[in-house]
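Text of protein36.txt, listed as compact mmCIF, C-alpha atoms:
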# COMPACT_ATOMS: atom_id res chain seq x y z
CA GLN A 1 0.00 0.00 0.00
CA TYR A 2 2.96 2.30 0.69
CA PHE A 3 4.11 2.04 -2.93
CA ALA A 4 0.59 2.20 -4.37
CA ASP A 5 -0.13 5.44 -2.53
CA ARG A 6 2.92 7.01 -4.21
CA GLY A 7 2.08 5.88 -7.73
CA LEU A 8 4.44 2.93 -7.81
CA PHE A 9 3.47 -0.50 -9.14
CA CYS A 10 3.49 -3.21 -6.51
CA ALA A 11 2.95 -6.97 -6.95
CA GLY A 12 2.35 -9.43 -4.14
CA ARG A 13 2.77 -13.16 -3.69
CA VAL A 14 5.36 -13.43 -6.47
CA GLU A 15 7.00 -16.84 -6.76
CA ASP A 16 10.63 -17.13 -5.82
CA GLY A 17 11.64 -18.32 -9.29
CA ASP A 18 10.02 -15.30 -10.94
CA LEU A 19 11.70 -12.95 -8.50
CA ARG A 20 15.12 -14.36 -9.26
CA ARG A 21 14.60 -14.26 -13.03
CA VAL A 22 13.44 -10.62 -12.95
CA ALA A 23 16.32 -9.65 -10.69
CA LYS A 24 18.83 -11.38 -12.97
CA ALA A 25 17.41 -9.77 -16.12
CA THR A 26 17.21 -6.24 -14.72
CA GLY A 27 20.46 -6.36 -12.75
CA ALA A 28 18.71 -5.92 -9.42
CA THR A 29 19.22 -7.58 -6.06
CA VAL A 30 16.38 -9.22 -4.15
CA GLN A 31 15.75 -7.46 -0.83
CA THR A 32 13.97 -8.84 2.22
CA SER A 33 13.42 -5.43 3.84
CA THR A 34 12.77 -1.84 2.78
CA ASN A 35 15.32 -0.52 5.27
CA GLY A 36 18.67 0.60 3.95
CA ILE A 37 17.81 0.45 0.24
CA PHE A 38 20.41 2.20 -1.93
CA GLU A 39 20.72 2.77 -5.64
CA GLY A 40 23.06 -0.16 -6.21
CA VAL A 41 20.36 -2.78 -5.54
CA LEU A 42 17.91 -1.33 -8.07
CA GLY A 43 17.37 -2.78 -11.53
CA THR A 44 16.43 -1.17 -14.81
CA CYS A 45 14.53 -2.08 -17.97
CA GLY A 46 13.61 -0.31 -21.17
CA GLU A 47 9.85 -0.53 -20.67
CA PHE A 48 7.46 -2.03 -18.14
CA GLU A 49 3.77 -2.62 -18.79
CA GLU A 50 0.92 -4.65 -17.38
CA LYS A 51 -0.93 -6.43 -20.18
CA GLN A 52 -4.13 -8.42 -20.24
CA VAL A 53 -3.84 -11.71 -22.17
CA GLY A 54 -7.09 -13.64 -22.13
CA ASP A 55 -8.23 -14.00 -18.53
CA ALA A 56 -4.76 -13.44 -17.06
CA ARG A 57 -2.70 -10.31 -16.48
CA PHE A 58 1.03 -10.30 -17.15
CA ASN A 59 3.80 -7.92 -16.19
CA LEU A 60 6.10 -7.42 -19.16
CA PHE A 61 9.71 -6.29 -18.71
CA THR A 62 11.27 -5.37 -22.07
CA GLY A 63 14.67 -3.95 -22.91
CA CYS A 64 16.38 -5.48 -19.87
CA PRO A 65 20.16 -4.89 -19.90
CA CYS A 66 21.10 -8.35 -18.55
CA ALA A 67 18.37 -10.46 -20.14
CA THR A 68 19.53 -13.95 -21.18
CA THR A 69 16.10 -15.65 -21.12
CA SER A 70 12.65 -15.09 -22.56
CA THR A 71 9.13 -16.00 -21.50
CA MET A 72 6.71 -17.83 -23.79
CA VAL A 73 2.97 -17.46 -23.26
CA LEU A 74 1.01 -20.45 -24.57
CA ARG A 75 -2.70 -20.12 -25.32
CA GLY A 76 -5.12 -22.77 -26.48
CA GLY A 77 -8.70 -23.92 -26.45
CA SER A 78 -8.19 -26.62 -23.81
CA GLU A 79 -5.82 -27.58 -21.04
CA GLN A 80 -4.84 -30.73 -22.91
CA PHE A 81 -3.75 -28.72 -25.96
CA ILE A 82 -1.71 -26.33 -23.83
CA ALA A 83 -0.03 -29.19 -21.96
CA GLU A 84 0.87 -30.91 -25.23
CA SER A 85 2.28 -27.66 -26.63
CA GLU A 86 4.34 -27.15 -23.50
CA ARG A 87 5.79 -30.66 -23.75
CA SER A 88 6.68 -30.15 -27.41
CA ILE A 89 8.47 -26.86 -26.74
CA HIS A 90 10.25 -28.34 -23.74
CA ASP A 91 11.46 -31.29 -25.81
CA ALA A 92 12.74 -28.96 -28.53
CA LEU A 93 14.62 -26.81 -26.02
CA MET A 94 16.16 -29.86 -24.35
CA VAL A 95 17.34 -31.19 -27.73
CA VAL A 96 19.09 -27.88 -28.40
CA LYS A 97 20.61 -27.93 -24.92
CA ARG A 98 21.81 -31.50 -25.38
CA SER A 99 23.29 -30.64 -28.78
CA LEU A 100 25.31 -27.82 -27.28
CA LYS A 101 26.64 -30.12 -24.56
CA SER A 102 27.32 -32.97 -26.97
CA LYS A 103 29.13 -30.67 -29.46
CA SER A 104 28.32 -33.10 -32.27
CA VAL A 105 25.17 -33.97 -34.20
CA VAL A 106 23.99 -36.67 -36.59
CA ALA A 107 21.23 -36.72 -39.17
CA GLY A 108 17.70 -37.39 -37.97
CA GLY A 109 14.63 -38.74 -39.70
CA GLY A 110 15.66 -42.37 -39.17
CA ALA A 111 18.89 -42.02 -41.19
CA VAL A 112 21.13 -43.35 -38.45
CA GLU A 113 18.85 -46.30 -37.71
CA LEU A 114 18.73 -47.33 -41.39
CA GLU A 115 22.52 -47.08 -41.72
CA VAL A 116 23.14 -49.11 -38.56
CA SER A 117 20.56 -51.65 -39.69
CA ARG A 118 22.35 -52.04 -43.03
CA HIS A 119 25.69 -52.68 -41.34
CA LEU A 120 24.13 -55.21 -38.96
CA ARG A 121 22.52 -57.13 -41.83
CA GLN A 122 25.86 -57.37 -43.57
CA HIS A 123 27.57 -58.41 -40.33
CA ALA A 124 24.94 -61.08 -39.68
CA LEU A 125 26.03 -62.91 -42.86
CA THR A 126 29.43 -63.52 -41.28
CA ILE A 127 27.96 -65.19 -38.16
CA GLU A 128 27.20 -68.89 -37.97
CA GLY A 129 24.47 -70.40 -35.82
CA LYS A 130 21.64 -68.74 -33.95
CA GLY A 131 23.62 -65.56 -33.42
CA GLN A 132 22.85 -64.64 -37.01
CA LEU A 133 19.12 -64.62 -36.24
CA ILE A 134 19.62 -62.40 -33.22
CA VAL A 135 21.65 -59.80 -35.11
CA SER A 136 19.17 -59.84 -38.00
CA ALA A 137 16.26 -59.35 -35.59
CA PHE A 138 18.03 -56.38 -33.98
CA ALA A 139 18.64 -54.88 -37.44
CA LYS A 140 14.98 -55.30 -38.32
CA ALA A 141 13.89 -53.67 -35.06
CA LEU A 142 15.91 -50.54 -35.89
CA GLU A 143 13.71 -49.96 -38.94
CA ILE A 144 10.76 -49.31 -36.65
CA VAL A 145 11.94 -45.70 -36.15
CA PRO A 146 11.62 -44.54 -39.79
CA ARG A 147 8.54 -46.72 -40.24
CA GLN A 148 6.82 -45.02 -37.31
CA LEU A 149 7.77 -41.59 -38.66
CA CYS A 150 6.03 -42.47 -41.93
CA ASP A 151 2.93 -43.76 -40.16
CA ASN A 152 2.69 -40.64 -38.00
CA ALA A 153 2.93 -38.42 -41.07
CA GLY A 154 0.29 -40.45 -42.92
CA PHE A 155 2.56 -41.88 -45.65
CA ASP A 156 3.04 -45.42 -46.93
CA SER A 157 5.90 -46.76 -44.83
CA ASN A 158 6.66 -49.66 -47.17
CA ASP A 159 7.40 -47.40 -50.15
CA VAL A 160 9.50 -45.00 -48.08
CA LEU A 161 11.53 -47.79 -46.47
CA SER A 162 12.20 -49.36 -49.87
CA SER A 163 13.55 -46.05 -51.12
CA LEU A 164 15.65 -45.60 -47.99
CA ARG A 165 17.20 -49.07 -48.32
CA LYS A 166 18.11 -48.32 -51.90
CA ARG A 167 19.68 -44.99 -50.96
CA HIS A 168 21.64 -46.45 -48.05
CA ALA A 169 22.99 -49.19 -50.28
CA SER A 170 24.84 -46.53 -52.28
CA ASP A 171 28.06 -44.90 -51.13
CA ASP A 172 26.65 -41.41 -50.53
CA GLY A 173 23.31 -42.30 -48.94
CA LYS A 174 24.13 -42.71 -45.26
CA TRP A 175 22.42 -39.46 -44.23
CA TYR A 176 19.15 -40.07 -46.07
CA GLY A 177 16.03 -40.19 -43.92
CA VAL A 178 12.27 -39.67 -44.04
CA ASP A 179 10.98 -36.44 -45.57
CA ILE A 180 7.63 -35.87 -43.86
CA GLU A 181 6.87 -32.83 -46.03
CA THR A 182 6.85 -34.65 -49.38
CA GLY A 183 6.41 -38.25 -48.28
CA GLY A 184 9.73 -39.30 -49.79
CA VAL A 185 13.36 -39.40 -48.73
CA THR A 186 15.89 -36.62 -48.37
CA ASP A 187 19.37 -35.89 -47.07
CA THR A 188 18.32 -34.92 -43.57
CA PHE A 189 21.78 -33.66 -42.66
CA GLU A 190 21.68 -31.12 -45.50
CA SER A 191 18.09 -30.25 -44.61
CA GLY A 192 19.07 -29.33 -41.05
CA ILE A 193 17.27 -32.22 -39.36
CA TRP A 194 19.81 -33.06 -36.68
CA GLU A 195 19.93 -34.97 -33.44
CA PRO A 196 22.60 -34.97 -30.70
CA SER A 197 25.05 -37.82 -31.19
CA ASP A 198 24.97 -38.60 -27.46
CA ASN A 199 21.23 -39.26 -27.66
CA LYS A 200 21.71 -41.78 -30.47
CA SER A 201 24.52 -43.55 -28.63
CA ASN A 202 22.44 -43.80 -25.47
CA SER A 203 19.39 -45.04 -27.40
CA LEU A 204 21.31 -47.83 -29.10
CA ALA A 205 23.01 -48.84 -25.85
CA SER A 206 19.70 -48.89 -23.97
CA ALA A 207 18.03 -50.94 -26.72
CA ALA A 208 20.81 -53.53 -26.64
CA GLU A 209 20.66 -53.70 -22.86
CA ALA A 210 16.88 -54.13 -22.85
CA ALA A 211 17.11 -56.91 -25.44
CA GLY A 212 19.73 -58.67 -23.33
CA VAL A 213 17.54 -58.47 -20.23
CA ILE A 214 14.57 -59.95 -22.09
CA LEU A 215 16.66 -62.80 -23.50
CA SER A 216 18.02 -63.60 -20.03
CA ILE A 217 14.51 -64.35 -18.72
CA ASP A 218 14.16 -68.15 -18.70
CA GLU A 219 11.10 -68.54 -16.50
CA THR A 220 8.02 -66.60 -15.49
CA VAL A 221 6.23 -66.85 -12.17
CA ILE A 222 2.43 -67.02 -12.28
CA ASN A 223 0.23 -66.88 -9.23
CA PRO A 224 -1.74 -70.19 -9.34
CA ARG A 225 -5.48 -70.19 -8.91
CA SER A 226 -6.97 -71.46 -5.68
CA GLN A 227 -7.49 -75.22 -5.64
CA ASP A 228 -10.62 -74.86 -3.47
CA PRO A 229 -12.89 -72.31 -5.19
CA GLY A 230 -15.66 -72.77 -2.59
CA ALA A 231 -13.44 -72.20 0.42
CA ALA A 232 -14.14 -68.49 0.57
CA THR A 233 -17.90 -68.76 0.15
CA GLY A 234 -18.55 -70.37 3.52
CA MET A 235 -21.54 -72.60 4.30
CA MET A 236 -24.30 -70.27 3.14
CA GLY A 237 -27.00 -72.11 1.21
CA GLY A 238 -29.25 -71.06 -1.64
CA PRO A 239 -28.37 -70.23 -5.22
CA GLY A 240 -26.92 -66.83 -4.30
CA GLY A 241 -25.00 -68.05 -1.27
CA GLY A 242 -22.60 -70.22 -3.23
CA GLY A 243 -22.28 -73.07 -0.75
CA GLY A 244 -19.20 -75.26 -1.06
CA MET A 245 -19.23 -78.57 -2.86
CA GLY A 246 -20.42 -81.53 -0.77
CA GLN A 247 -21.85 -79.29 1.96
CA LYS A 248 -25.48 -79.51 3.03
CA PRO A 249 -27.71 -76.44 3.23
CA LEU A 250 -27.99 -74.80 6.63
CA SER A 251 -31.66 -75.74 7.04
CA ASN A 252 -30.92 -79.44 6.56
CA MET A 253 -28.11 -79.30 9.09
CA MET A 254 -30.39 -77.64 11.66
CA GLY A 255 -33.11 -80.22 11.08
CA GLY A 256 -30.64 -83.05 11.39
CA ALA A 257 -29.25 -81.69 14.63
CA MET A 258 -32.73 -81.41 16.13
CA ASP A 259 -33.74 -84.95 15.07
CA MET A 260 -30.57 -86.26 16.67
CA VAL A 261 -31.44 -84.65 20.00
CA ASN A 262 -35.01 -85.97 19.98
CA ALA A 263 -33.92 -89.48 19.05
CA GLN A 264 -31.51 -89.55 21.98
CA LYS A 265 -34.33 -88.60 24.37
CA GLY A 266 -36.71 -91.08 22.81
CA GLY A 267 -39.46 -88.52 22.36
CA SER A 268 -41.09 -86.58 19.61
CA ARG A 269 -39.65 -83.43 18.09
CA SER A 270 -39.60 -80.93 20.88
CA GLY A 271 -37.89 -78.02 19.16
CA ASN A 272 -34.69 -78.32 21.23
CA LEU A 273 -31.62 -77.30 19.27
CA GLY A 274 -28.59 -79.47 18.97
CA GLN A 275 -25.04 -78.39 19.78
CA GLY A 276 -23.75 -75.73 17.42
CA VAL A 277 -27.23 -74.60 16.25
CA SER A 278 -28.07 -71.09 17.43
CA TYR A 279 -31.55 -70.45 15.98
CA MET A 280 -34.43 -72.32 14.35
CA LYS A 281 -38.12 -71.78 13.86
CA GLY A 282 -40.40 -73.98 15.97
CA ARG A 283 -41.67 -77.16 14.38
CA GLY A 284 -44.81 -79.11 15.34
CA GLY A 285 -44.73 -82.33 17.40
CA GLY A 286 -44.56 -85.76 15.85

Do you think you could lay out the structure here as structure tokens?
Amino acid sequence: QYFADRGLFCAGRVEDGDLRRVAKATGATVQTSTNGIFEGVLGTCGEFEEKQVGDARFNLFTGCPCATTSTMVLRGGSEQFIAESERSIHDALMVVKRSLKSKSVVAGGGAVELEVSRHLRQHALTIEGKGQLIVSAFAKALEIVPRQLCDNAGFDSNDVLSSLRKRHASDDGKWYGVDIETGGVTDTFESGIWEPSDNKSNSLASAAEAAGVILSIDETVINPRSQDPGAATGMMGGPGGGGGMGQKPLSNMMGGAMDMVNAQKGGSRSGNLGQGVSYMKGRGGG
């Protein structure tokens, strides 16, 4: 209120991350108290404005002297669309970050997978025994990447893969991959479709490790079904009670217990209950 009374903009409940980013961009220093403020802790920017975007209000700092980051505002018709857009942008930024750390790139669009698959198929011909089948299967699995790219783009994967195999069989076709704009093949390295080399190395290593783990499984454990399906249903009679096999209905057991008591006494049915029977409707004499 102190700042608002003097014509100064004031924002409350600002997140710590936003405070640090604004301070870093404007060259300011975050203060925990208004006492002892001097000019050296203040930041500057070219222009500040409060702008309404949809239902939200944003504070825009432009022309900051130390700005090294930017803010992207995503808008969409649904939360699902916005979340998907955010994931896509995040993935793109992380690829750029990984490329800068890796300091080397390779062609994308399935070019690397097709080239590795070609080498594995040739190497499989030099192996005798079942190892040849394993290497050939691994080479075939690598072709799933360009095939899936074609399916996602709505093109015929069989035609594109045939063209890619033909290109990779030549001496200058190792960088050819899927062209999702024309539905054909193109030199993805010349087209600027790159991927960090570290990502490709990690993907191939993880795929080989996963295949080895699956092949090492020699037995699976299955929880067997209960051998006594009526054990959990108890002794309740009737069609809905699900009495166990070989067990008499409760009414028959009660009648039998009562007849046993009367026979021991040598009299007619008196309605006395036998041991273990807690309740029974009265029955007439003999």

- [ ] Write out as a PyMOL selection string the residues lying within 12 Å of Gly12 of chain A, counting all atoms listed in the file and excluding same-chain residues fewer than 6 positions away.
- [x] chain A and resi 1+3-4+18-19

Open item on the list: Can you measure atom CA of Gly110 of chain A to atom CA of Val145 of chain A for me? One decimal in Å is fine.
Closed with: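 Atom CA of Val145 of chain A lies at a distance of 5.8 Å from atom CA of Gly110 of chain A.
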
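With all atoms listed in the file as the atoms that count, the minimum distance from Ser85 of chain A to the choices A:Val73, A:Arg6, A:Asn158, A:Gly183 is reached by A:Val73.
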
Task: Selected residue of minimal separation from Pro146 of chain A among A:Arg87, A:Arg121, A:Arg165, A:Lys103, counting all atoms listed in the file - done: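 Of all the options, A:Arg165 lies closest to Pro146 of chain A.
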
Which residues come within 9 Å of Gly108 of chain A, counting only C-alpha atoms, excluding same-chain residues fewer than 6 positions away, as a PDB file with C-alpha atoms, keeping the file's coordinate frame?
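Final file, result_36.pdb:
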ATOM      1  CA  TRP A 175      22.420 -39.460 -44.230  1.00  0.00           C
ATOM      2  CA  TYR A 176      19.150 -40.070 -46.070  1.00  0.00           C
ATOM      3  CA  GLY A 177      16.030 -40.190 -43.920  1.00  0.00           C
ATOM      4  CA  VAL A 178      12.270 -39.670 -44.040  1.00  0.00           C
ATOM      5  CA  THR A 188      18.320 -34.920 -43.570  1.00  0.00           C
ATOM      6  CA  PHE A 189      21.780 -33.660 -42.660  1.00  0.00           C
ATOM      7  CA  GLY A 192      19.070 -29.330 -41.050  1.00  0.00           C
ATOM      8  CA  ILE A 193      17.270 -32.220 -39.360  1.00  0.00           C
ATOM      9  CA  TRP A 194      19.810 -33.060 -36.680  1.00  0.00           C
ATOM     10  CA  GLU A 195      19.930 -34.970 -33.440  1.00  0.00           C
TER      11      GLU A 195
END

TODO: For atom CA of Leu120 of chain A and atom CA of Ala207 of chain A, quote the distance in Å rounded to one decimal.
DONE: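 Interatomic distance, atom CA of Leu120 of chain A to atom CA of Ala207 of chain A: 14.3 Å.
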
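With only C-alpha atoms taken into account, the protein and nucleic acid residues at most 6 Å from Cys45 of chain A (excluding it and anything under 2 positions from it in its own chain) are Thr26, Glu47, Gly63 and Cys64 of chain A.
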
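Atom to atom, atom CA of Arg75 of chain A and atom CA of Ala56 of chain A stand 10.8 Å apart.
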
- [ ] Using only C-alpha atoms, determine which residues lie at most 10 Å from segment 126-143 of chain A, disregarding the query and same-chain residues fewer than 5 positions distant; provide the list as a count of residues only.
- [x] 18

Would you pick out the contacts of segment 27-39 of chain A at 12 Å or less, using all atoms listed in the file, so that residues sharing its chain but fewer than 3 positions from it are not included, and give the list as a short mmCIF file (atom, residue, chain, number, x, y, z; two decimals) with C-alpha atoms, keeping the file's coordinate frame?
data_model
loop_
_atom_site.label_atom_id
_atom_site.label_comp_id
_atom_site.auth_asym_id
_atom_site.auth_seq_id
_atom_site.Cartn_x
_atom_site.Cartn_y
_atom_site.Cartn_z
CA TYR A 2 2.96 2.30 0.69
CA PHE A 3 4.11 2.04 -2.93
CA ASP A 16 10.63 -17.13 -5.82
CA GLY A 17 11.64 -18.32 -9.29
CA ASP A 18 10.02 -15.30 -10.94
CA LEU A 19 11.70 -12.95 -8.50
CA ARG A 20 15.12 -14.36 -9.26
CA ARG A 21 14.60 -14.26 -13.03
CA VAL A 22 13.44 -10.62 -12.95
CA ALA A 23 16.32 -9.65 -10.69
CA LYS A 24 18.83 -11.38 -12.97
CA LEU A 42 17.91 -1.33 -8.07
CA GLY A 43 17.37 -2.78 -11.53
CA THR A 44 16.43 -1.17 -14.81
CA CYS A 45 14.53 -2.08 -17.97
CA GLY A 63 14.67 -3.95 -22.91
CA CYS A 64 16.38 -5.48 -19.87
CA PRO A 65 20.16 -4.89 -19.90
CA CYS A 66 21.10 -8.35 -18.55
CA ALA A 67 18.37 -10.46 -20.14
CA THR A 68 19.53 -13.95 -21.18
#

TODO: Using all atoms listed in the file, find the one residue out of A:Gly184, A:Gly46, A:Gly76, A:Gly54 that sits nearest to Leu149 of chain A.
DONE: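 Looking at the shortest contact to Leu149 of chain A, the residue is A:Gly184.
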
Open item on the list: Under the rule that all atoms listed in the file are counted, which of A:Cys150, A:Ala25, A:Ala169, A:Ala124 is the nearest residue to Phe61 of chain A?
Closed with: A:Ala25

Open item on the list: Just checking: using all atoms listed in the file, which residue out of A:Asn202, A:Thr62, A:Thr182, A:Ser197 ends up closest to Ser99 of chain A?
Closed with: A:Ser197
